[in-house]
Each structure stands twice: as structure tokens, then as C-alpha cells.
>>> print(open('my_file.pdb').read())   # PDB, C-alpha atoms, pLDDT in the B column
ATOM      1  CA  MET A   1     111.142  77.736 152.378  1.00 44.00           C
ATOM      2  CA  THR A   2     107.883  75.886 151.878  1.00 41.00           C
ATOM      3  CA  THR A   3     104.759  77.569 150.743  1.00 42.00           C
ATOM      4  CA  GLU A   4     101.325  76.506 151.685  1.00 41.00           C
ATOM      5  CA  PRO A   5      99.038  75.512 148.822  1.00 42.00           C
ATOM      6  CA  ARG A   6      96.391  78.105 148.064  1.00 41.00           C
ATOM      7  CA  SER A   7      92.920  77.140 149.051  1.00 42.00           C
ATOM      8  CA  GLY A   8      89.545  78.487 148.112  1.00 43.00           C
ATOM      9  CA  ARG A   9      88.363  79.867 144.828  1.00 39.00           C
ATOM     10  CA  PRO A  10      91.046  80.321 142.172  1.00 40.00           C
ATOM     11  CA  ARG A  11      91.853  83.904 141.296  1.00 44.00           C
ATOM     12  CA  ALA A  12      89.893  85.109 138.283  1.00 52.00           C
ATOM     13  CA  SER A  13      91.795  86.060 135.161  1.00 63.00           C
ATOM     14  CA  SER A  14      92.078  89.692 134.157  1.00 82.00           C
ATOM     15  CA  ARG A  15      89.762  88.939 131.230  1.00 82.00           C
ATOM     16  CA  GLU A  16      87.054  87.701 133.605  1.00 84.00           C
ATOM     17  CA  VAL A  17      87.578  90.613 135.997  1.00 89.00           C
ATOM     18  CA  LEU A  18      87.355  93.110 133.123  1.00 91.00           C
ATOM     19  CA  SER A  19      84.246  91.454 131.764  1.00 89.00           C
ATOM     20  CA  GLU A  20      82.553  91.482 135.149  1.00 89.00           C
ATOM     21  CA  ALA A  21      83.506  95.115 135.759  1.00 93.00           C
ATOM     22  CA  ALA A  22      82.231  96.133 132.326  1.00 93.00           C
ATOM     23  CA  CYS A  23      78.881  94.415 132.810  1.00 91.00           C
ATOM     24  CA  GLU A  24      78.420  95.999 136.233  1.00 92.00           C
ATOM     25  CA  LEU A  25      79.126  99.426 134.786  1.00 94.00           C
ATOM     26  CA  PHE A  26      76.925  98.883 131.735  1.00 93.00           C
ATOM     27  CA  LEU A  27      74.060  98.017 134.099  1.00 92.00           C
ATOM     28  CA  GLU A  28      74.783 100.931 136.444  1.00 93.00           C
ATOM     29  CA  GLN A  29      75.373 103.742 133.978  1.00 93.00           C
ATOM     30  CA  GLY A  30      74.686 102.360 130.505  1.00 92.00           C
ATOM     31  CA  TYR A  31      76.955 101.227 127.720  1.00 92.00           C
ATOM     32  CA  ASP A  32      77.510 104.592 126.059  1.00 92.00           C
ATOM     33  CA  ALA A  33      78.327 106.334 129.342  1.00 94.00           C
ATOM     34  CA  THR A  34      80.939 103.724 130.269  1.00 95.00           C
ATOM     35  CA  SER A  35      84.482 104.262 129.055  1.00 95.00           C
ATOM     36  CA  VAL A  36      87.361 101.824 128.851  1.00 95.00           C
ATOM     37  CA  SER A  37      88.998 103.853 131.627  1.00 95.00           C
ATOM     38  CA  ASP A  38      85.912 103.321 133.807  1.00 96.00           C
ATOM     39  CA  ILE A  39      86.153  99.582 133.209  1.00 95.00           C
ATOM     40  CA  THR A  40      89.868  99.345 133.981  1.00 94.00           C
ATOM     41  CA  ARG A  41      89.464 101.483 137.102  1.00 94.00           C
ATOM     42  CA  ARG A  42      86.647  99.241 138.364  1.00 94.00           C
ATOM     43  CA  ALA A  43      88.631  96.102 137.521  1.00 92.00           C
ATOM     44  CA  GLY A  44      91.818  97.415 139.103  1.00 91.00           C
ATOM     45  CA  VAL A  45      93.931  96.824 136.008  1.00 90.00           C
ATOM     46  CA  SER A  46      95.788  99.088 133.622  1.00 89.00           C
ATOM     47  CA  ARG A  47      94.389 100.377 130.356  1.00 90.00           C
ATOM     48  CA  SER A  48      97.061  98.391 128.502  1.00 90.00           C
ATOM     49  CA  SER A  49      95.816  95.233 130.235  1.00 88.00           C
ATOM     50  CA  PHE A  50      92.380  95.899 128.789  1.00 92.00           C
ATOM     51  CA  PHE A  51      93.822  96.062 125.290  1.00 93.00           C
ATOM     52  CA  ASN A  52      95.788  92.856 125.864  1.00 91.00           C
ATOM     53  CA  TYR A  53      92.427  91.087 125.977  1.00 90.00           C
ATOM     54  CA  PHE A  54      90.052  93.239 123.937  1.00 92.00           C
ATOM     55  CA  SER A  55      90.415  95.506 120.928  1.00 91.00           C
ATOM     56  CA  ALA A  56      87.273  97.515 121.749  1.00 90.00           C
ATOM     57  CA  LYS A  57      84.716  97.996 124.499  1.00 91.00           C
ATOM     58  CA  SER A  58      82.128  95.855 122.696  1.00 87.00           C
ATOM     59  CA  ASP A  59      84.574  92.938 122.497  1.00 90.00           C
ATOM     60  CA  VAL A  60      84.168  92.504 126.254  1.00 91.00           C
ATOM     61  CA  LEU A  61      80.681  91.168 125.568  1.00 91.00           C
ATOM     62  CA  TRP A  62      81.620  88.987 122.612  1.00 92.00           C
ATOM     63  CA  SER A  63      84.939  87.425 123.646  1.00 88.00           C
ATOM     64  CA  GLY A  64      83.463  84.069 124.695  1.00 88.00           C
ATOM     65  CA  PHE A  65      81.388  83.764 121.535  1.00 93.00           C
ATOM     66  CA  ASP A  66      84.285  84.875 119.339  1.00 93.00           C
ATOM     67  CA  GLU A  67      86.542  82.259 120.904  1.00 91.00           C
ATOM     68  CA  GLN A  68      84.002  79.515 120.191  1.00 93.00           C
ATOM     69  CA  ALA A  69      83.292  80.823 116.692  1.00 95.00           C
ATOM     70  CA  ASP A  70      87.036  80.796 115.956  1.00 95.00           C
ATOM     71  CA  ALA A  71      87.179  77.164 117.077  1.00 95.00           C
ATOM     72  CA  GLY A  72      84.189  76.307 114.876  1.00 96.00           C
ATOM     73  CA  ILE A  73      85.752  78.062 111.891  1.00 97.00           C
ATOM     74  CA  THR A  74      88.978  76.148 112.458  1.00 97.00           C
ATOM     75  CA  LEU A  75      86.986  72.910 112.381  1.00 97.00           C
ATOM     76  CA  LEU A  76      85.336  74.015 109.121  1.00 96.00           C
ATOM     77  CA  ARG A  77      88.690  74.761 107.557  1.00 95.00           C
ATOM     78  CA  GLU A  78      90.033  71.405 108.714  1.00 96.00           C
ATOM     79  CA  GLY A  79      87.217  69.604 106.925  1.00 94.00           C
ATOM     80  CA  ALA A  80      84.755  68.834 109.721  1.00 95.00           C
ATOM     81  CA  PRO A  81      81.129  68.590 108.595  1.00 96.00           C
ATOM     82  CA  VAL A  82      79.439  72.003 108.659  1.00 96.00           C
ATOM     83  CA  ALA A  83      76.821  70.971 111.227  1.00 95.00           C
ATOM     84  CA  ASP A  84      79.509  69.563 113.535  1.00 95.00           C
ATOM     85  CA  ALA A  85      81.637  72.705 113.294  1.00 96.00           C
ATOM     86  CA  LEU A  86      78.671  74.975 114.040  1.00 96.00           C
ATOM     87  CA  SER A  87      77.431  72.719 116.841  1.00 95.00           C
ATOM     88  CA  ALA A  88      80.852  72.974 118.478  1.00 93.00           C
ATOM     89  CA  ILE A  89      80.202  76.690 119.019  1.00 93.00           C
ATOM     90  CA  GLY A  90      77.292  75.826 121.287  1.00 89.00           C
ATOM     91  CA  ARG A  91      79.054  73.054 123.160  1.00 87.00           C
ATOM     92  CA  GLY A  92      81.814  75.340 124.372  1.00 80.00           C
ATOM     93  CA  LEU A  93      79.905  78.535 125.101  1.00 83.00           C
ATOM     94  CA  ALA A  94      79.102  79.173 128.740  1.00 79.00           C
ATOM     95  CA  PRO A  95      76.855  81.833 130.250  1.00 74.00           C
ATOM     96  CA  ASP A  96      78.987  84.949 130.178  1.00 81.00           C
ATOM     97  CA  ALA A  97      78.924  88.669 129.506  1.00 86.00           C
ATOM     98  CA  LEU A  98      77.115  88.192 126.189  1.00 90.00           C
ATOM     99  CA  ALA A  99      74.246  86.286 127.788  1.00 89.00           C
ATOM    100  CA  LEU A 100      74.023  88.944 130.494  1.00 89.00           C
ATOM    101  CA  ALA A 101      73.999  91.688 127.861  1.00 91.00           C
ATOM    102  CA  ILE A 102      71.297  89.941 125.832  1.00 92.00           C
ATOM    103  CA  THR A 103      69.028  89.588 128.839  1.00 90.00           C
ATOM    104  CA  ASN A 104      69.702  93.144 130.029  1.00 91.00           C
ATOM    105  CA  ALA A 105      70.111  94.917 126.689  1.00 92.00           C
ATOM    106  CA  ASP A 106      67.575  97.638 127.444  1.00 91.00           C
ATOM    107  CA  ALA A 107      68.886  98.327 130.948  1.00 90.00           C
ATOM    108  CA  MET A 108      72.442  98.523 129.613  1.00 91.00           C
ATOM    109  CA  GLY A 109      71.396 100.668 126.675  1.00 90.00           C
ATOM    110  CA  ILE A 110      73.117  98.261 124.345  1.00 91.00           C
ATOM    111  CA  ALA A 111      70.393  96.815 122.099  1.00 92.00           C
ATOM    112  CA  ALA A 112      71.536  98.646 118.955  1.00 92.00           C
ATOM    113  CA  GLU A 113      75.192  97.794 119.617  1.00 91.00           C
ATOM    114  CA  LEU A 114      74.292  94.123 120.081  1.00 93.00           C
ATOM    115  CA  ASP A 115      72.351  94.136 116.811  1.00 94.00           C
ATOM    116  CA  ARG A 116      75.315  95.591 114.909  1.00 94.00           C
ATOM    117  CA  ASP A 117      77.831  93.233 116.466  1.00 94.00           C
ATOM    118  CA  ARG A 118      75.522  90.268 115.945  1.00 96.00           C
ATOM    119  CA  ALA A 119      75.297  91.087 112.240  1.00 97.00           C
ATOM    120  CA  VAL A 120      79.091  91.280 111.951  1.00 96.00           C
ATOM    121  CA  ARG A 121      79.545  87.897 113.595  1.00 96.00           C
ATOM    122  CA  GLN A 122      76.716  86.326 111.643  1.00 97.00           C
ATOM    123  CA  PHE A 123      78.239  87.494 108.374  1.00 98.00           C
ATOM    124  CA  ARG A 124      81.667  86.210 109.399  1.00 97.00           C
ATOM    125  CA  LEU A 125      80.204  82.764 110.015  1.00 97.00           C
ATOM    126  CA  GLN A 126      78.200  82.977 106.792  1.00 98.00           C
ATOM    127  CA  ARG A 127      81.317  83.770 104.772  1.00 97.00           C
ATOM    128  CA  GLU A 128      83.209  80.805 106.236  1.00 97.00           C
ATOM    129  CA  VAL A 129      80.320  78.365 105.859  1.00 98.00           C
ATOM    130  CA  ALA A 130      79.625  79.512 102.286  1.00 98.00           C
ATOM    131  CA  SER A 131      83.273  79.015 101.413  1.00 97.00           C
ATOM    132  CA  ARG A 132      83.160  75.519 102.838  1.00 96.00           C
ATOM    133  CA  LEU A 133      79.884  74.643 101.091  1.00 97.00           C
ATOM    134  CA  ALA A 134      81.236  75.929  97.761  1.00 97.00           C
ATOM    135  CA  HIS A 135      84.415  73.909  98.311  1.00 95.00           C
ATOM    136  CA  ASP A 136      82.209  70.860  98.828  1.00 95.00           C
ATOM    137  CA  GLY A 137      80.515  71.478  95.469  1.00 97.00           C
ATOM    138  CA  ALA A 138      77.510  73.685  96.186  1.00 97.00           C
ATOM    139  CA  ALA A 139      76.675  76.326  93.583  1.00 98.00           C
ATOM    140  CA  PRO A 140      77.830  79.798  94.762  1.00 97.00           C
ATOM    141  CA  LEU A 141      74.342  81.245  95.257  1.00 97.00           C
ATOM    142  CA  ALA A 142      73.067  78.106  96.973  1.00 97.00           C
ATOM    143  CA  ALA A 143      76.152  78.116  99.218  1.00 98.00           C
ATOM    144  CA  GLN A 144      75.505  81.755 100.222  1.00 97.00           C
ATOM    145  CA  VAL A 145      71.817  81.177 100.931  1.00 97.00           C
ATOM    146  CA  ARG A 146      72.397  78.006 102.937  1.00 98.00           C
ATOM    147  CA  ALA A 147      75.290  79.589 104.829  1.00 98.00           C
ATOM    148  CA  GLY A 148      73.137  82.617 105.641  1.00 98.00           C
ATOM    149  CA  ALA A 149      70.443  80.397 107.106  1.00 98.00           C
ATOM    150  CA  LEU A 150      72.932  78.340 109.124  1.00 98.00           C
ATOM    151  CA  SER A 151      74.809  81.326 110.510  1.00 98.00           C
ATOM    152  CA  ALA A 152      71.518  83.016 111.424  1.00 98.00           C
ATOM    153  CA  ALA A 153      70.504  79.816 113.196  1.00 97.00           C
ATOM    154  CA  VAL A 154      73.641  79.929 115.358  1.00 97.00           C
ATOM    155  CA  LEU A 155      73.010  83.487 116.533  1.00 97.00           C
ATOM    156  CA  ALA A 156      69.258  82.909 116.955  1.00 96.00           C
ATOM    157  CA  ALA A 157      70.014  79.915 119.165  1.00 94.00           C
ATOM    158  CA  VAL A 158      72.422  81.944 121.319  1.00 94.00           C
ATOM    159  CA  TRP A 159      69.764  84.655 121.744  1.00 93.00           C
ATOM    160  CA  ALA A 160      66.995  82.163 122.555  1.00 91.00           C
ATOM    161  CA  TRP A 161      69.215  80.399 125.065  1.00 90.00           C
ATOM    162  CA  ALA A 162      70.403  83.615 126.703  1.00 89.00           C
ATOM    163  CA  ASP A 163      66.982  85.216 127.034  1.00 80.00           C
ATOM    164  CA  ARG A 164      65.492  81.920 128.172  1.00 74.00           C
ATOM    165  CA  THR A 165      62.988  81.582 125.343  1.00 60.00           C
ATOM    166  CA  ALA A 166      64.552  78.165 124.850  1.00 53.00           C
ATOM    167  CA  ALA A 167      62.597  76.966 127.907  1.00 63.00           C
ATOM    168  CA  GLY A 168      65.573  76.003 130.061  1.00 72.00           C
ATOM    169  CA  ARG A 169      67.233  73.791 127.468  1.00 81.00           C
ATOM    170  CA  SER A 170      70.976  73.755 126.989  1.00 85.00           C
ATOM    171  CA  LEU A 171      72.580  75.847 124.295  1.00 88.00           C
ATOM    172  CA  ALA A 172      73.713  72.667 122.542  1.00 89.00           C
ATOM    173  CA  ASP A 173      70.112  71.432 122.318  1.00 90.00           C
ATOM    174  CA  THR A 174      68.791  74.847 121.267  1.00 91.00           C
ATOM    175  CA  LEU A 175      71.489  75.124 118.617  1.00 94.00           C
ATOM    176  CA  ALA A 176      70.770  71.635 117.285  1.00 93.00           C
ATOM    177  CA  GLU A 177      67.104  72.565 116.889  1.00 93.00           C
ATOM    178  CA  ALA A 178      67.954  75.854 115.171  1.00 95.00           C
ATOM    179  CA  LEU A 179      70.428  74.227 112.774  1.00 96.00           C
ATOM    180  CA  SER A 180      67.890  71.567 111.821  1.00 95.00           C
ATOM    181  CA  ALA A 181      65.371  74.310 111.035  1.00 94.00           C
ATOM    182  CA  ALA A 182      67.834  76.207 108.807  1.00 91.00           C
TER     183      ALA A 182
END
>>> encode(input="my_file.pdb", output="C-alpha cells")
Amino acid sequence: MTTEPRSGRPRASSREVLSEAACELFLEQGYDATSVSDITRRAGVSRSSFFNYFSAKSDVLWSGFDEQADAGITLLREGAPVADALSAIGRGLAPDALALAITNADAMGIAAELDRDRAVRQFRLQREVASRLAHDGAAPLAAQVRAGALSAAVLAAVWAWADRTAAGRSLADTLAEALSAA
């Protein structure tokens, strides 16, 4: 039996469907009022499917960034120059749930949650960059200070790009500018 090739748009992954459902619900009823069960019901997937992709509701927003940050950290650990490893985060990040959340933080009722999660991710990057800078010979305090500035630059660039204060420039360009200012 022969099957016809599928045509049209490829089916979205469960991760994408969950992310889209979550963002719709966050806009409709707010972040705090939206449960994981609400998200899975809207997405048409099981609760266990949600937890195959995300460990918490807030991870829906951050999964794309976390994936790119993990790749950048891997580059750091493999010996890539710090600026190259951090720039890689911006090259691979596409507009996604995080960008939507940043631009609609007030409507979603998620501004405080974004601030907390941003701080966690910024510190994670800072820790990795500081470790790398110290490994390369920087004094511990200097490594921490420089790493703090560089990790803050990454998150500031993502915010500027997402909320369009970067004047229509790509994330890669916005990130390059932010890293050079750090």
C-alpha cells in the first residue's frame, strides 16, 4: 500500500502547541489564573506530556532561551571565546513565547514572574562566564564583575529586541551592541 506524501504545513510539536496554548491562556485569563491543566486541556495533550517538555508553568515561556543558553554554556565549557559563546545565544533565538510574554507582560499579569525568572537565568549565565573568566586567569572578583555585566547584557538585549526598543534590529545585532557595552 502506498501512502501519499503529506502536504501543507508540518504538524507542530507538542512543545509548540503547549507554548501557544499557554500564551493564549495567559493573555485571556492571566498567568496566575492559568493552571497546567488549563494549558494541557487547551493544547489537547495529557498532563504527563506537559511535564515531558517543561518542569513548571514558567518554563513554557523560557524554553527557547534556556535551550540557547545551554548551547552557549556548552561552547563556554568547550573553550570558545566568551563573546562568541554569548553571541551564539542570540543567533539561535527566534521570536517565541518569551518575546510574546515580554511584550504583553502586563496583560498576562506576569511582570513579576518574568523578573524573577530573568534573574535566575542571568545568574546562571554569570556563574558560567565567571568560571570561564577565572579559568582564563582573571582575578575572582574581576571575573564575577565582568561576568555580571556580560550576563546582564544578554538579558537586556533579549528584552530590548522583544519589546522593540532595539528599533527593528535583529537580536544578534542588539546582543552584539549590548555585549560591547558591558
>>> residues_around(input="my_file.pdb", residues="Gln126 (chain A)", least_positions_apart="4", cutoff="10 Å", atoms="all atoms listed in the file", output="JSON, numbers by chain")
{"A": [120, 121, 122, 130, 131, 132, 143, 144, 145, 146, 147, 148, 149, 150, 151, 152]}
>>> atom_distance(input="my_file.pdb", atom1="CA of Gln68 (chain A)", atom2="CA of Gly168 (chain A)")
21.2 Å
>>> closest_residue(input="my_file.pdb", among="A:Ala80, A:Ala157, A:Leu86, A:Ala97", to="Asp136 (chain A)", atoms="only C-alpha atoms")
A:Ala80
>>> resolve_selection(input="my_file.pdb", expression="the PyMOL selection byres ((chain A and resi 178) around 8)", output="ChimeraX atom specification")
/A:153-154,156-157,174-177,179-182
>>> closest_residue(input="my_file.pdb", among="A:Val129, A:Ile102, A:Ile73, A:Ile39", to="Glu20 (chain A)", atoms="all atoms listed in the file")
A:Ile39
>>> atom_distance(input="my_file.pdb", atom1="CA of Thr103 (chain A)", atom2="CA of Asp163 (chain A)")
5.2 Å
>>> atom_distance(input="my_file.pdb", atom1="CA of Arg42 (chain A)", atom2="CA of Leu18 (chain A)")
8.1 Å
>>> residues_around(input="my_file.pdb", residues="Gly30 (chain A)", least_positions_apart="4", cutoff="7 Å", atoms="only C-alpha atoms", output="list in words")
Leu25, Phe26, Thr34, Met108 and Gly109 of chain A
>>> resolve_selection(input="my_file.pdb", expression="the PyMOL selection byres ((chain A and resi 49) around 12)", output="CSV table (one decimal) with C-alpha atoms, keeping the file's coordinate frame")
chain,number,residue,atom,x,y,z
A,13,SER,CA,91.8,86.1,135.2
A,14,SER,CA,92.1,89.7,134.2
A,15,ARG,CA,89.8,88.9,131.2
A,17,VAL,CA,87.6,90.6,136.0
A,18,LEU,CA,87.4,93.1,133.1
A,36,VAL,CA,87.4,101.8,128.9
A,37,SER,CA,89.0,103.9,131.6
A,39,ILE,CA,86.2,99.6,133.2
A,40,THR,CA,89.9,99.3,134.0
A,41,ARG,CA,89.5,101.5,137.1
A,43,ALA,CA,88.6,96.1,137.5
A,44,GLY,CA,91.8,97.4,139.1
A,45,VAL,CA,93.9,96.8,136.0
A,46,SER,CA,95.8,99.1,133.6
A,47,ARG,CA,94.4,100.4,130.4
A,48,SER,CA,97.1,98.4,128.5
A,50,PHE,CA,92.4,95.9,128.8
A,51,PHE,CA,93.8,96.1,125.3
A,52,ASN,CA,95.8,92.9,125.9
A,53,TYR,CA,92.4,91.1,126.0
A,54,PHE,CA,90.1,93.2,123.9
A,55,SER,CA,90.4,95.5,120.9
>>> residues_near_point(input="my_file.pdb", point="(86.9, 88.3, 126.4)", cutoff="7 Å", atoms="all atoms listed in the file", output="list of chain:residue names")
A:Arg15, A:Ser19, A:Tyr53, A:Phe54, A:Asp59, A:Val60, A:Leu61, A:Trp62, A:Ser63, A:Gly64
>>> resolve_selection(input="my_file.pdb", expression="the PyMOL selection byres ((chain A and resi 79) around 12)", output="NGL selection string")
:A and (72-78 or 80-85 or 128-129 or 131-133 or 135-136)
>>> axis_aligned_box(input="my_file.pdb", around="region 50-69 of chain A", padding_each_side="3 Å", output="JSON")
{"center_x": 88.2, "center_y": 88.8, "center_z": 122.7, "size_x": 21.1, "size_y": 24.5, "size_z": 18.1}
>>> closest_residue(input="my_file.pdb", among="A:Ser35, A:Ser87, A:Ser58, A:Gln29", to="Leu155 (chain A)", atoms="all atoms listed in the file")
A:Ser87
>>> closest_residue(input="my_file.pdb", among="A:Arg118, A:Asp32, A:Lys57, A:Val158", to="Leu171 (chain A)", atoms="only C-alpha atoms")
A:Val158
>>> build_atoms(input="my_file.pdb", residues="region 74-91 of chain A", atoms="N, CA and C atoms", output="PDB file, in the coordinates of the input")
ATOM      1  N   THR A  74      87.806  77.015 112.624  1.00 97.00           N
ATOM      2  CA  THR A  74      88.978  76.148 112.458  1.00 97.00           C
ATOM      3  C   THR A  74      88.535  74.744 112.072  1.00 97.00           C
ATOM      4  N   LEU A  75      87.505  74.240 112.730  1.00 97.00           N
ATOM      5  CA  LEU A  75      86.986  72.910 112.381  1.00 97.00           C
ATOM      6  C   LEU A  75      86.500  72.875 110.930  1.00 97.00           C
ATOM      7  N   LEU A  76      85.799  73.928 110.514  1.00 96.00           N
ATOM      8  CA  LEU A  76      85.336  74.015 109.121  1.00 96.00           C
ATOM      9  C   LEU A  76      86.511  73.935 108.157  1.00 96.00           C
ATOM     10  N   ARG A  77      87.521  74.709 108.433  1.00 95.00           N
ATOM     11  CA  ARG A  77      88.690  74.761 107.557  1.00 95.00           C
ATOM     12  C   ARG A  77      89.466  73.447 107.545  1.00 95.00           C
ATOM     13  N   GLU A  78      89.348  72.703 108.630  1.00 96.00           N
ATOM     14  CA  GLU A  78      90.033  71.405 108.714  1.00 96.00           C
ATOM     15  C   GLU A  78      89.226  70.278 108.083  1.00 96.00           C
ATOM     16  N   GLY A  79      88.010  70.603 107.624  1.00 94.00           N
ATOM     17  CA  GLY A  79      87.217  69.604 106.925  1.00 94.00           C
ATOM     18  C   GLY A  79      86.105  68.940 107.718  1.00 94.00           C
ATOM     19  N   ALA A  80      85.856  69.403 108.942  1.00 95.00           N
ATOM     20  CA  ALA A  80      84.755  68.834 109.721  1.00 95.00           C
ATOM     21  C   ALA A  80      83.440  69.141 109.015  1.00 95.00           C
ATOM     22  N   PRO A  81      82.444  68.275 109.158  1.00 96.00           N
ATOM     23  CA  PRO A  81      81.129  68.590 108.595  1.00 96.00           C
ATOM     24  C   PRO A  81      80.611  69.929 109.143  1.00 96.00           C
ATOM     25  N   VAL A  82      79.923  70.669 108.294  1.00 96.00           N
ATOM     26  CA  VAL A  82      79.439  72.003 108.659  1.00 96.00           C
ATOM     27  C   VAL A  82      78.616  71.953 109.949  1.00 96.00           C
ATOM     28  N   ALA A  83      77.675  71.041 110.033  1.00 95.00           N
ATOM     29  CA  ALA A  83      76.821  70.971 111.227  1.00 95.00           C
ATOM     30  C   ALA A  83      77.644  70.695 112.486  1.00 95.00           C
ATOM     31  N   ASP A  84      78.661  69.857 112.374  1.00 95.00           N
ATOM     32  CA  ASP A  84      79.509  69.563 113.535  1.00 95.00           C
ATOM     33  C   ASP A  84      80.302  70.793 113.965  1.00 95.00           C
ATOM     34  N   ALA A  85      80.848  71.509 112.980  1.00 96.00           N
ATOM     35  CA  ALA A  85      81.637  72.705 113.294  1.00 96.00           C
ATOM     36  C   ALA A  85      80.771  73.773 113.954  1.00 96.00           C
ATOM     37  N   LEU A  86      79.560  73.967 113.449  1.00 96.00           N
ATOM     38  CA  LEU A  86      78.671  74.975 114.040  1.00 96.00           C
ATOM     39  C   LEU A  86      78.139  74.520 115.394  1.00 96.00           C
ATOM     40  N   SER A  87      77.883  73.252 115.550  1.00 95.00           N
ATOM     41  CA  SER A  87      77.431  72.719 116.841  1.00 95.00           C
ATOM     42  C   SER A  87      78.490  72.890 117.914  1.00 95.00           C
ATOM     43  N   ALA A  88      79.757  72.816 117.517  1.00 93.00           N
ATOM     44  CA  ALA A  88      80.852  72.974 118.478  1.00 93.00           C
ATOM     45  C   ALA A  88      80.814  74.349 119.143  1.00 93.00           C
ATOM     46  N   ILE A  89      80.314  75.346 118.440  1.00 93.00           N
ATOM     47  CA  ILE A  89      80.202  76.690 119.019  1.00 93.00           C
ATOM     48  C   ILE A  89      79.320  76.635 120.262  1.00 93.00           C
ATOM     49  N   GLY A  90      78.222  75.922 120.171  1.00 89.00           N
ATOM     50  CA  GLY A  90      77.292  75.826 121.287  1.00 89.00           C
ATOM     51  C   GLY A  90      77.776  74.953 122.425  1.00 89.00           C
ATOM     52  N   ARG A  91      78.567  73.942 122.100  1.00 87.00           N
ATOM     53  CA  ARG A  91      79.054  73.054 123.160  1.00 87.00           C
ATOM     54  C   ARG A  91      80.042  73.755 124.083  1.00 87.00           C
TER      55      ARG A  91
END
